>>> print(open('structure34.cif').read())   # mmCIF, C-alpha atoms
data_target
loop_
_atom_site.group_PDB
_atom_site.id
_atom_site.type_symbol
_atom_site.label_atom_id
_atom_site.label_comp_id
_atom_site.auth_asym_id
_atom_site.auth_seq_id
_atom_site.Cartn_x
_atom_site.Cartn_y
_atom_site.Cartn_z
ATOM 1 C CA MET A 1 0.000 0.000 0.000
ATOM 2 C CA ASN A 2 1.200 3.528 -0.761
ATOM 3 C CA ASN A 3 1.764 6.510 1.452
ATOM 4 C CA LEU A 4 -1.669 8.003 2.094
ATOM 5 C CA VAL A 5 -0.614 11.567 1.360
ATOM 6 C CA LYS A 6 1.033 10.656 -1.927
ATOM 7 C CA VAL A 7 -1.919 8.664 -3.256
ATOM 8 C CA ARG A 8 -3.916 11.761 -4.214
ATOM 9 C CA ASP A 9 -4.978 15.020 -2.651
ATOM 10 C CA TYR A 10 -7.155 14.846 0.447
ATOM 11 C CA GLU A 11 -10.222 16.364 -1.142
ATOM 12 C CA ASN A 12 -10.494 13.685 -3.825
ATOM 13 C CA ILE A 13 -9.939 10.740 -1.493
ATOM 14 C CA LEU A 14 -12.376 12.226 1.010
ATOM 15 C CA ASN A 15 -15.057 12.648 -1.657
ATOM 16 C CA GLU A 16 -14.569 9.048 -2.773
ATOM 17 C CA PHE A 17 -14.810 7.812 0.826
ATOM 18 C CA LEU A 18 -18.018 9.757 1.526
ATOM 19 C CA SER A 19 -19.640 8.659 -1.736
ATOM 20 C CA GLU A 20 -19.381 5.030 -0.595
ATOM 21 C CA GLN A 21 -20.820 5.521 2.893
ATOM 22 C CA ASP A 22 -24.415 4.387 3.413
ATOM 23 C CA ILE A 23 -25.247 7.184 5.842
ATOM 24 C CA SER A 24 -27.379 10.319 5.845
ATOM 25 C CA GLU A 25 -26.230 13.565 4.244
ATOM 26 C CA LYS A 26 -26.057 15.105 7.701
ATOM 27 C CA SER A 27 -23.702 12.354 8.874
ATOM 28 C CA LYS A 28 -21.579 12.807 5.746
ATOM 29 C CA LYS A 29 -21.268 16.495 6.554
ATOM 30 C CA ILE A 30 -20.102 15.670 10.086
ATOM 31 C CA TYR A 31 -17.563 13.169 8.717
ATOM 32 C CA ARG A 32 -16.276 15.729 6.219
ATOM 33 C CA ILE A 33 -15.764 18.379 8.900
ATOM 34 C CA ALA A 34 -14.039 15.921 11.248
ATOM 35 C CA LEU A 35 -11.745 14.477 8.579
ATOM 36 C CA MET A 36 -10.795 17.854 7.140
ATOM 37 C CA GLN A 37 -9.815 18.824 10.668
ATOM 38 C CA PHE A 38 -7.633 15.712 10.862
ATOM 39 C CA PHE A 39 -6.010 16.345 7.469
ATOM 40 C CA LYS A 40 -5.302 19.941 8.500
ATOM 41 C CA TRP A 41 -3.647 18.631 11.678
ATOM 42 C CA VAL A 42 -1.484 16.265 9.597
ATOM 43 C CA ASN A 43 -0.270 19.139 7.421
ATOM 44 C CA ASN A 44 0.215 21.629 10.256
ATOM 45 C CA ASN A 45 2.375 19.138 12.167
ATOM 46 C CA GLY A 46 4.636 18.354 9.224
ATOM 47 C CA PHE A 47 3.413 14.801 8.699
ATOM 48 C CA SER A 48 2.534 15.235 5.031
ATOM 49 C CA GLY A 49 4.693 13.025 2.856
ATOM 50 C CA VAL A 50 5.556 10.600 5.648
ATOM 51 C CA ASN A 51 4.093 7.237 6.476
ATOM 52 C CA ILE A 52 1.786 8.168 9.313
ATOM 53 C CA SER A 53 1.183 5.380 11.787
ATOM 54 C CA LYS A 54 -0.724 4.515 14.933
ATOM 55 C CA LYS A 55 1.587 6.698 17.026
ATOM 56 C CA HIS A 56 0.436 9.713 14.992
ATOM 57 C CA ILE A 57 -3.211 8.882 15.683
ATOM 58 C CA LEU A 58 -2.436 8.666 19.407
ATOM 59 C CA LYS A 59 -0.683 12.041 19.230
ATOM 60 C CA TYR A 60 -3.705 13.481 17.431
ATOM 61 C CA LYS A 61 -5.903 12.184 20.246
ATOM 62 C CA ASP A 62 -3.618 13.789 22.841
ATOM 63 C CA ASP A 63 -3.593 17.094 20.956
ATOM 64 C CA LEU A 64 -7.397 17.159 20.912
ATOM 65 C CA ARG A 65 -7.321 16.757 24.680
ATOM 66 C CA GLU A 66 -4.805 19.598 25.021
ATOM 67 C CA GLN A 67 -7.136 21.811 22.968
ATOM 68 C CA HIS A 68 -9.737 21.173 25.695
ATOM 69 C CA LYS A 69 -12.167 19.609 23.251
ATOM 70 C CA SER A 70 -15.081 17.881 24.954
ATOM 71 C CA ASN A 71 -14.953 14.095 25.227
ATOM 72 C CA LEU A 72 -17.967 13.958 22.924
ATOM 73 C CA THR A 73 -16.163 16.005 20.247
ATOM 74 C CA ILE A 74 -12.962 13.961 20.570
ATOM 75 C CA ASN A 75 -14.877 10.698 20.153
ATOM 76 C CA CYS A 76 -16.719 12.113 17.142
ATOM 77 C CA TYR A 77 -13.400 13.008 15.480
ATOM 78 C CA LEU A 78 -11.862 9.636 16.319
ATOM 79 C CA THR A 79 -14.895 7.731 15.022
ATOM 80 C CA SER A 80 -14.616 9.547 11.681
ATOM 81 C CA VAL A 81 -10.883 8.831 11.439
ATOM 82 C CA ARG A 82 -11.388 5.160 12.360
ATOM 83 C CA ARG A 83 -14.063 4.681 9.724
ATOM 84 C CA PHE A 84 -11.940 6.447 7.130
ATOM 85 C CA PHE A 85 -8.871 4.258 7.684
ATOM 86 C CA SER A 86 -11.003 1.136 7.809
ATOM 87 C CA TRP A 87 -12.203 2.125 4.342
ATOM 88 C CA THR A 88 -8.658 2.871 3.048
ATOM 89 C CA GLU A 89 -7.548 -0.594 4.162
ATOM 90 C CA GLU A 90 -10.545 -2.198 2.489
ATOM 91 C CA LYS A 91 -9.660 -0.339 -0.723
ATOM 92 C CA ARG A 92 -5.987 -1.329 -0.345
ATOM 93 C CA ILE A 93 -5.033 2.332 -0.325
ATOM 94 C CA PHE A 94 -3.521 2.521 3.155
ATOM 95 C CA PRO A 95 -3.462 0.226 6.219
ATOM 96 C CA ASN A 96 -5.877 0.829 9.066
ATOM 97 C CA ILE A 97 -3.586 2.523 11.579
ATOM 98 C CA THR A 98 -6.441 3.192 14.004
ATOM 99 C CA LYS A 99 -6.794 -0.419 15.170
ATOM 100 C CA GLY A 100 -6.639 -0.534 18.947
ATOM 101 C CA VAL A 101 -7.042 3.227 19.371
ATOM 102 C CA LYS A 102 -9.725 3.741 21.994
ATOM 103 C CA GLY A 103 -12.062 6.650 22.466
ATOM 104 C CA VAL A 104 -12.011 8.770 25.598
ATOM 105 C CA LYS A 105 -14.281 7.796 28.443
ATOM 106 C CA ARG A 106 -17.298 10.007 28.937
ATOM 107 C CA SER A 107 -18.579 10.707 32.408
ATOM 108 C CA GLN A 108 -21.577 8.593 33.361
ATOM 109 C CA ASN A 109 -22.935 11.550 35.280
ATOM 110 C CA PHE A 110 -24.524 14.696 33.908
ATOM 111 C CA ARG A 111 -22.897 18.094 33.545
ATOM 112 C CA LYS A 112 -26.271 19.839 33.659
ATOM 113 C CA GLU A 113 -28.515 19.953 36.687
ATOM 114 C CA PRO A 114 -32.329 19.728 36.922
ATOM 115 C CA LEU A 115 -34.468 22.425 38.471
ATOM 116 C CA THR A 116 -36.310 21.923 41.720
ATOM 117 C CA LYS A 117 -40.088 21.918 41.900
ATOM 118 C CA GLU A 118 -39.999 25.357 43.529
ATOM 119 C CA GLN A 119 -37.767 26.733 40.781
ATOM 120 C CA VAL A 120 -40.066 25.376 38.066
ATOM 121 C CA ILE A 121 -43.125 26.970 39.662
ATOM 122 C CA GLU A 122 -41.306 30.288 39.996
ATOM 123 C CA LEU A 123 -40.017 30.093 36.424
ATOM 124 C CA LEU A 124 -43.420 29.382 34.875
ATOM 125 C CA SER A 125 -45.076 32.082 37.011
ATOM 126 C CA SER A 126 -42.544 34.664 35.842
ATOM 127 C CA LEU A 127 -43.098 34.170 32.109
ATOM 128 C CA LYS A 128 -45.113 36.977 30.519
ATOM 129 C CA ASN A 129 -44.302 36.332 26.867
ATOM 130 C CA GLN A 130 -46.768 33.669 25.663
ATOM 131 C CA ARG A 131 -44.366 32.135 23.147
ATOM 132 C CA ASP A 132 -41.629 31.730 25.748
ATOM 133 C CA ARG A 133 -44.129 30.349 28.235
ATOM 134 C CA ALA A 134 -45.303 27.751 25.698
ATOM 135 C CA ILE A 135 -41.723 26.762 24.827
ATOM 136 C CA ILE A 136 -40.585 26.310 28.411
ATOM 137 C CA THR A 137 -43.783 24.552 29.482
ATOM 138 C CA LEU A 138 -43.403 22.100 26.592
ATOM 139 C CA MET A 139 -39.780 21.397 27.503
ATOM 140 C CA ILE A 140 -40.445 20.854 31.214
ATOM 141 C CA PHE A 141 -43.525 18.650 30.779
ATOM 142 C CA THR A 142 -42.207 16.459 27.933
ATOM 143 C CA GLY A 143 -38.401 16.491 28.113
ATOM 144 C CA ILE A 144 -38.220 17.466 24.442
ATOM 145 C CA ARG A 145 -34.753 18.374 23.159
ATOM 146 C CA THR A 146 -34.064 21.851 21.779
ATOM 147 C CA ILE A 147 -33.334 20.430 18.296
ATOM 148 C CA GLU A 148 -36.606 18.487 18.349
ATOM 149 C CA LEU A 149 -38.509 21.579 19.385
ATOM 150 C CA GLN A 150 -36.747 23.662 16.731
ATOM 151 C CA ARG A 151 -37.785 21.214 13.983
ATOM 152 C CA ALA A 152 -41.452 21.068 15.021
ATOM 153 C CA ASN A 153 -44.209 22.451 12.781
ATOM 154 C CA ILE A 154 -47.785 23.378 13.681
ATOM 155 C CA GLU A 155 -49.095 20.420 11.673
ATOM 156 C CA ASP A 156 -47.091 18.040 13.873
ATOM 157 C CA ILE A 157 -49.659 18.500 16.650
ATOM 158 C CA ARG A 158 -52.231 15.740 16.102
ATOM 159 C CA PHE A 159 -54.775 13.603 17.899
ATOM 160 C CA TYR A 160 -53.404 10.077 18.093
ATOM 161 C CA CYS A 161 -54.842 7.061 19.934
ATOM 162 C CA GLY A 162 -56.974 9.273 22.136
ATOM 163 C CA LYS A 163 -54.185 11.712 23.039
ATOM 164 C CA ASN A 164 -52.937 15.039 21.759
ATOM 165 C CA VAL A 165 -49.350 14.494 20.680
ATOM 166 C CA LEU A 166 -46.523 16.368 19.003
ATOM 167 C CA TRP A 167 -44.685 14.299 16.407
ATOM 168 C CA ILE A 168 -40.967 14.971 16.526
ATOM 169 C CA GLN A 169 -37.817 14.207 14.594
ATOM 170 C CA GLY A 170 -35.730 12.621 17.305
ATOM 171 C CA LYS A 171 -31.978 12.715 17.760
ATOM 172 C CA GLY A 172 -30.330 10.827 14.898
ATOM 173 C CA HIS A 173 -33.644 10.308 13.078
ATOM 174 C CA GLU A 174 -34.393 11.302 9.506
ATOM 175 C CA GLU A 175 -38.179 11.478 9.935
ATOM 176 C CA LYS A 176 -40.719 12.592 12.513
ATOM 177 C CA ASP A 177 -41.411 9.106 13.765
ATOM 178 C CA GLU A 178 -41.537 9.715 17.537
ATOM 179 C CA PHE A 179 -43.900 11.782 19.631
ATOM 180 C CA VAL A 180 -44.377 13.413 23.006
ATOM 181 C CA ILE A 181 -47.784 13.520 24.675
ATOM 182 C CA LEU A 182 -49.257 16.981 25.197
ATOM 183 C CA GLU A 183 -51.109 16.962 28.497
ATOM 184 C CA THR A 184 -53.814 19.629 28.955
ATOM 185 C CA PRO A 185 -51.614 22.302 30.623
ATOM 186 C CA VAL A 186 -49.071 22.060 27.793
ATOM 187 C CA LEU A 187 -51.613 22.041 24.965
ATOM 188 C CA LYS A 188 -53.381 25.076 26.423
ATOM 189 C CA GLU A 189 -50.167 27.110 26.524
ATOM 190 C CA ILE A 190 -49.350 26.212 22.925
ATOM 191 C CA GLN A 191 -52.881 27.074 21.780
ATOM 192 C CA LYS A 192 -52.730 30.432 23.564
ATOM 193 C CA TYR A 193 -49.483 31.178 21.771
ATOM 194 C CA LEU A 194 -50.809 30.145 18.352
ATOM 195 C CA ILE A 195 -53.779 32.493 18.787
ATOM 196 C CA THR A 196 -51.275 35.369 18.874
ATOM 197 C CA ARG A 197 -50.108 34.323 15.411
ATOM 198 C CA GLN A 198 -53.206 35.400 13.520
ATOM 199 C CA LYS A 199 -51.993 34.523 10.021
ATOM 200 C CA ARG A 200 -50.371 31.132 10.077
ATOM 201 C CA ARG A 201 -50.203 27.964 7.994
ATOM 202 C CA GLU A 202 -50.146 24.428 9.322
ATOM 203 C CA SER A 203 -46.836 23.819 7.552
ATOM 204 C CA GLU A 204 -45.150 26.674 9.400
ATOM 205 C CA SER A 205 -42.713 26.283 12.250
ATOM 206 C CA LEU A 206 -44.384 25.770 15.619
ATOM 207 C CA PHE A 207 -42.247 28.469 17.229
ATOM 208 C CA THR A 208 -41.020 31.526 15.347
ATOM 209 C CA SER A 209 -38.791 34.502 15.992
ATOM 210 C CA LEU A 210 -40.122 37.793 17.366
ATOM 211 C CA SER A 211 -36.979 39.793 16.637
ATOM 212 C CA ARG A 212 -37.014 42.576 14.069
ATOM 213 C CA ASN A 213 -34.410 41.036 11.760
ATOM 214 C CA SER A 214 -35.907 37.545 11.590
ATOM 215 C CA TYR A 215 -39.555 38.055 12.547
ATOM 216 C CA GLY A 216 -41.732 35.068 11.689
ATOM 217 C CA LYS A 217 -38.822 32.778 10.814
ATOM 218 C CA ARG A 218 -38.148 29.442 12.493
ATOM 219 C CA LEU A 219 -36.283 29.810 15.768
ATOM 220 C CA THR A 220 -32.754 28.437 15.835
ATOM 221 C CA VAL A 221 -31.524 26.039 18.518
ATOM 222 C CA GLU A 222 -29.290 28.838 19.779
ATOM 223 C CA SER A 223 -32.262 31.198 20.047
ATOM 224 C CA ILE A 224 -34.237 28.651 22.070
ATOM 225 C CA SER A 225 -31.286 28.208 24.424
ATOM 226 C CA ARG A 226 -31.012 31.981 24.853
ATOM 227 C CA ILE A 227 -34.744 32.279 25.590
ATOM 228 C CA VAL A 228 -34.461 29.684 28.343
ATOM 229 C CA LYS A 229 -31.252 31.149 29.778
ATOM 230 C CA LYS A 230 -32.703 34.669 29.843
ATOM 231 C CA SER A 231 -35.864 33.409 31.549
ATOM 232 C CA LEU A 232 -33.758 31.643 34.173
ATOM 233 C CA ARG A 233 -31.705 34.759 34.818
ATOM 234 C CA ASN A 234 -34.926 36.714 35.341
ATOM 235 C CA ILE A 235 -35.584 34.595 38.435
ATOM 236 C CA MET A 236 -31.967 34.915 39.588
ATOM 237 C CA ILE A 237 -30.785 31.502 38.322
ATOM 238 C CA ASP A 238 -27.499 32.153 36.558
ATOM 239 C CA ASP A 239 -25.491 28.962 36.737
ATOM 240 C CA SER A 240 -23.443 27.352 33.947
ATOM 241 C CA ARG A 241 -24.803 23.961 35.021
ATOM 242 C CA ILE A 242 -28.422 25.049 34.509
ATOM 243 C CA THR A 243 -29.291 25.576 30.860
ATOM 244 C CA ALA A 244 -32.009 24.737 28.340
ATOM 245 C CA HIS A 245 -30.883 21.099 28.531
ATOM 246 C CA SER A 246 -31.592 21.206 32.268
ATOM 247 C CA LEU A 247 -35.298 21.354 31.450
ATOM 248 C CA ARG A 248 -34.986 17.915 29.855
ATOM 249 C CA HIS A 249 -33.208 16.614 32.955
ATOM 250 C CA THR A 250 -35.966 18.176 35.028
ATOM 251 C CA ALA A 251 -38.697 16.315 33.131
ATOM 252 C CA VAL A 252 -37.042 12.909 33.548
ATOM 253 C CA THR A 253 -36.196 13.597 37.199
ATOM 254 C CA PHE A 254 -39.781 14.639 38.033
ATOM 255 C CA ALA A 255 -41.180 11.548 36.270
ATOM 256 C CA ILE A 256 -38.990 9.245 38.383
ATOM 257 C CA LEU A 257 -39.790 11.162 41.576
ATOM 258 C CA GLN A 258 -43.491 10.627 40.833
ATOM 259 C CA GLY A 259 -43.044 6.877 40.533
ATOM 260 C CA ALA A 260 -42.283 6.324 36.844
ATOM 261 C CA THR A 261 -40.435 3.069 36.211
ATOM 262 C CA LEU A 262 -37.056 3.098 34.498
ATOM 263 C CA GLN A 263 -38.735 1.860 31.322
ATOM 264 C CA GLU A 264 -41.313 4.673 31.468
ATOM 265 C CA ALA A 265 -38.589 7.255 32.081
ATOM 266 C CA GLN A 266 -36.636 5.795 29.173
ATOM 267 C CA MET A 267 -39.682 6.178 26.903
ATOM 268 C CA LEU A 268 -40.080 9.789 28.014
ATOM 269 C CA ALA A 269 -36.446 10.633 27.375
ATOM 270 C CA ARG A 270 -36.238 8.374 24.321
ATOM 271 C CA HIS A 271 -32.851 7.086 25.457
ATOM 272 C CA LYS A 272 -31.532 4.267 23.275
ATOM 273 C CA ASN A 273 -29.629 2.824 26.220
ATOM 274 C CA ILE A 274 -31.479 2.351 29.495
ATOM 275 C CA GLY A 275 -28.122 2.806 31.223
ATOM 276 C CA THR A 276 -28.421 6.526 30.481
ATOM 277 C CA THR A 277 -31.800 6.615 32.203
ATOM 278 C CA MET A 278 -30.407 4.688 35.148
ATOM 279 C CA VAL A 279 -28.048 7.587 35.909
ATOM 280 C CA TYR A 280 -31.085 9.690 36.871
ATOM 281 C CA ALA A 281 -32.351 6.988 39.207
ATOM 282 C CA HIS A 282 -28.898 6.508 40.716
ATOM 283 C CA ASN A 283 -28.452 10.219 41.391
ATOM 284 C CA LEU A 284 -31.871 10.478 43.033
ATOM 285 C CA ASP A 285 -31.228 7.381 45.123
ATOM 286 C CA ARG A 286 -27.855 8.798 46.144
ATOM 287 C CA ILE A 287 -29.498 11.990 47.398
ATOM 288 C CA THR A 288 -32.417 10.348 49.205
ATOM 289 C CA SER A 289 -30.287 7.618 50.778
ATOM 290 C CA ASN A 290 -27.780 10.171 52.106
ATOM 291 C CA PRO A 291 -25.381 7.897 54.024
ATOM 292 C CA GLU A 292 -23.499 11.022 55.112
ATOM 293 C CA HIS A 293 -26.504 11.961 57.257
ATOM 294 C CA LYS A 294 -26.334 8.569 58.956
ATOM 295 C CA ILE A 295 -22.713 9.287 59.908
ATOM 296 C CA THR A 296 -23.710 12.719 61.203
ATOM 297 C CA GLU A 297 -26.476 11.216 63.338
ATOM 298 C CA TYR A 298 -24.148 8.537 64.687
ATOM 299 C CA LEU A 299 -21.463 11.012 65.673
ATOM 300 C CA ALA A 300 -23.858 13.656 66.977
ATOM 301 C CA THR A 301 -23.734 12.195 70.460
ATOM 302 C CA LYS A 302 -20.023 11.395 70.281
ATOM 303 C CA VAL A 303 -18.566 14.732 69.220
#
>>> encode(input="structure34.cif", output="C-alpha cells")
Amino acid sequence: MNNLVKVRDYENILNEFLSEQDISEKSKKIYRIALMQFFKWVNNNGFSGVNISKKHILKYKDDLREQHKSNLTINCYLTSVRRFFSWTEEKRIFPNITKGVKGVKRSQNFRKEPLTKEQVIELLSSLKNQRDRAIITLMIFTGIRTIELQRANIEDIRFYCGKNVLWIQGKGHEEKDEFVILETPVLKEIQKYLITRQKRRESESLFTSLSRNSYGKRLTVESISRIVKKSLRNIMIDDSRITAHSLRHTAVTFAILQGATLQEAQMLARHKNIGTTMVYAHNLDRITSNPEHKITEYLATKV
C-alpha cells in the first residue's frame, strides 16, 4: 500500500470515501468536517509526505485533549478517522492505523442539573411572553430536546390514539417518527401562543422569531437556548450547570420522583440505552439515601 498523502490530494480521497458511505447527508457532513480537521492537523504538524502510523493517531488524540475539546467532540473526530482508515484498508489504499485506538471515556454523570419543583413553579409564574411560556412549558412537561422543538411544525400537533401528541424528529432520526404527549396544561399554553399568530399555515414552524431582523422565521436552537437562559436569569438563576438542557433533565427527574419506572422514564427521554436513564435513578437514590446523614447522626452524640 502507498503513502496516504502521496496517493492523491485529500479532497479527492475524502469525496470518494463519503460517496461510498451508506449514511445520511447530515452524517456525511459531520464526517467531512471531522476528517478535514484531521487532514489539517497532519499538514500543520509536518506529517505530510511521511508514512503516518498509529503513534500519529495517538498524538492526534492527545492534541485534541490539550485543545480542551469535549470528550464527545474527541470521540466524534476519532470515530470519523477510524471509519476512514477502515475504508482505506478495504480499498488497499492505506493500512488501518487506528486499530486498537480507543475513544475517551465520557462521564456517566450529567454536567447539567435539573431544576427543583420550587424553581419550576417560579419560572413558569414569571413568564409573561406567551411564546416563551409555551416553549418552556413544553420542555419541562415532555423532556423534548431543543433540536426536536426547533424542527417542530404546527401540523405536527395531532390527535393520536386518544391523546394530543406532538410528532418529533428525534436525535439521529431522519423522519418525525416519535412523539411526546401533550397533556392539557401544555396544549393550552401552545394554543394560547398560536392564537397570537393570527396569520399562520399548518406547515409553518411551531415556534417563530419575534426579533425585528428575523420576525416570523423558524427559531434556531441557539435562540431557544437563549430564551431559556434569559428566563432563568430573570428569576436569579445564573449557573453554567443550569441551561435549556436542564429542562430535559428536570422532566425525567420529576417523572422518576413521581413513581415512573425506568422503562417509562426511558420512553419519556427516548434514550436508546437504558443505562443513560439509570443515571437519573442513581443520582436520586444517592441523594435520598444520604449515608453522610447517617454518619452525622451517629457522631452527633459522640462529638
>>> residues_around(input="structure34.cif", residues="stretch 74-80 of chain A", least_positions_apart="5", cutoff="7 Å", atoms="only C-alpha atoms", output="list in words")
Tyr31, Ala34, Leu35, Leu64, Lys69, Gly103 and Val104 of chain A
>>> closest_residue(input="structure34.cif", among="A:Tyr280, A:Tyr193, A:Tyr160, A:Phe94", to="A:Val180", atoms="all atoms listed in the file")
A:Tyr160
>>> closest_residue(input="structure34.cif", among="A:Val42, A:Leu127, A:Leu219, A:Ile147", to="A:Ile235", atoms="all atoms listed in the file")
A:Leu127
>>> closest_residue(input="structure34.cif", among="A:Leu123, A:Leu247, A:Leu138, A:Ala269", to="A:Arg233", atoms="only C-alpha atoms")
A:Leu123
>>> atom_distance(input="structure34.cif", atom1="atom CA of A:Ile168", atom2="atom CA of A:Glu222")
18.4 Å
>>> atom_distance(input="structure34.cif", atom1="atom CA of A:Lys163", atom2="atom CA of A:Val252")
20.1 Å
>>> axis_aligned_box(input="structure34.cif", around="stretch 255-268 of chain A", padding_each_side="8 Å", output="AutoDock Vina command-line options")
--center_x -40.1 --center_y 6.7 --center_z 34.2 --size_x 22.9 --size_y 25.7 --size_z 30.7
>>> residues_around(input="structure34.cif", residues="stretch 212-217 of chain A", least_positions_apart="5", cutoff="12 Å", atoms="only C-alpha atoms", output="PyMOL selection string")
chain A and resi 150+153+196-201+204-207+223
>>> resolve_selection(input="structure34.cif", expression="the PyMOL selection byres ((chain A and resi 141) around 10)", output="ChimeraX atom specification")
/A:136-140,142-144,180-183,185-186,247-248,250-252,254-255,268
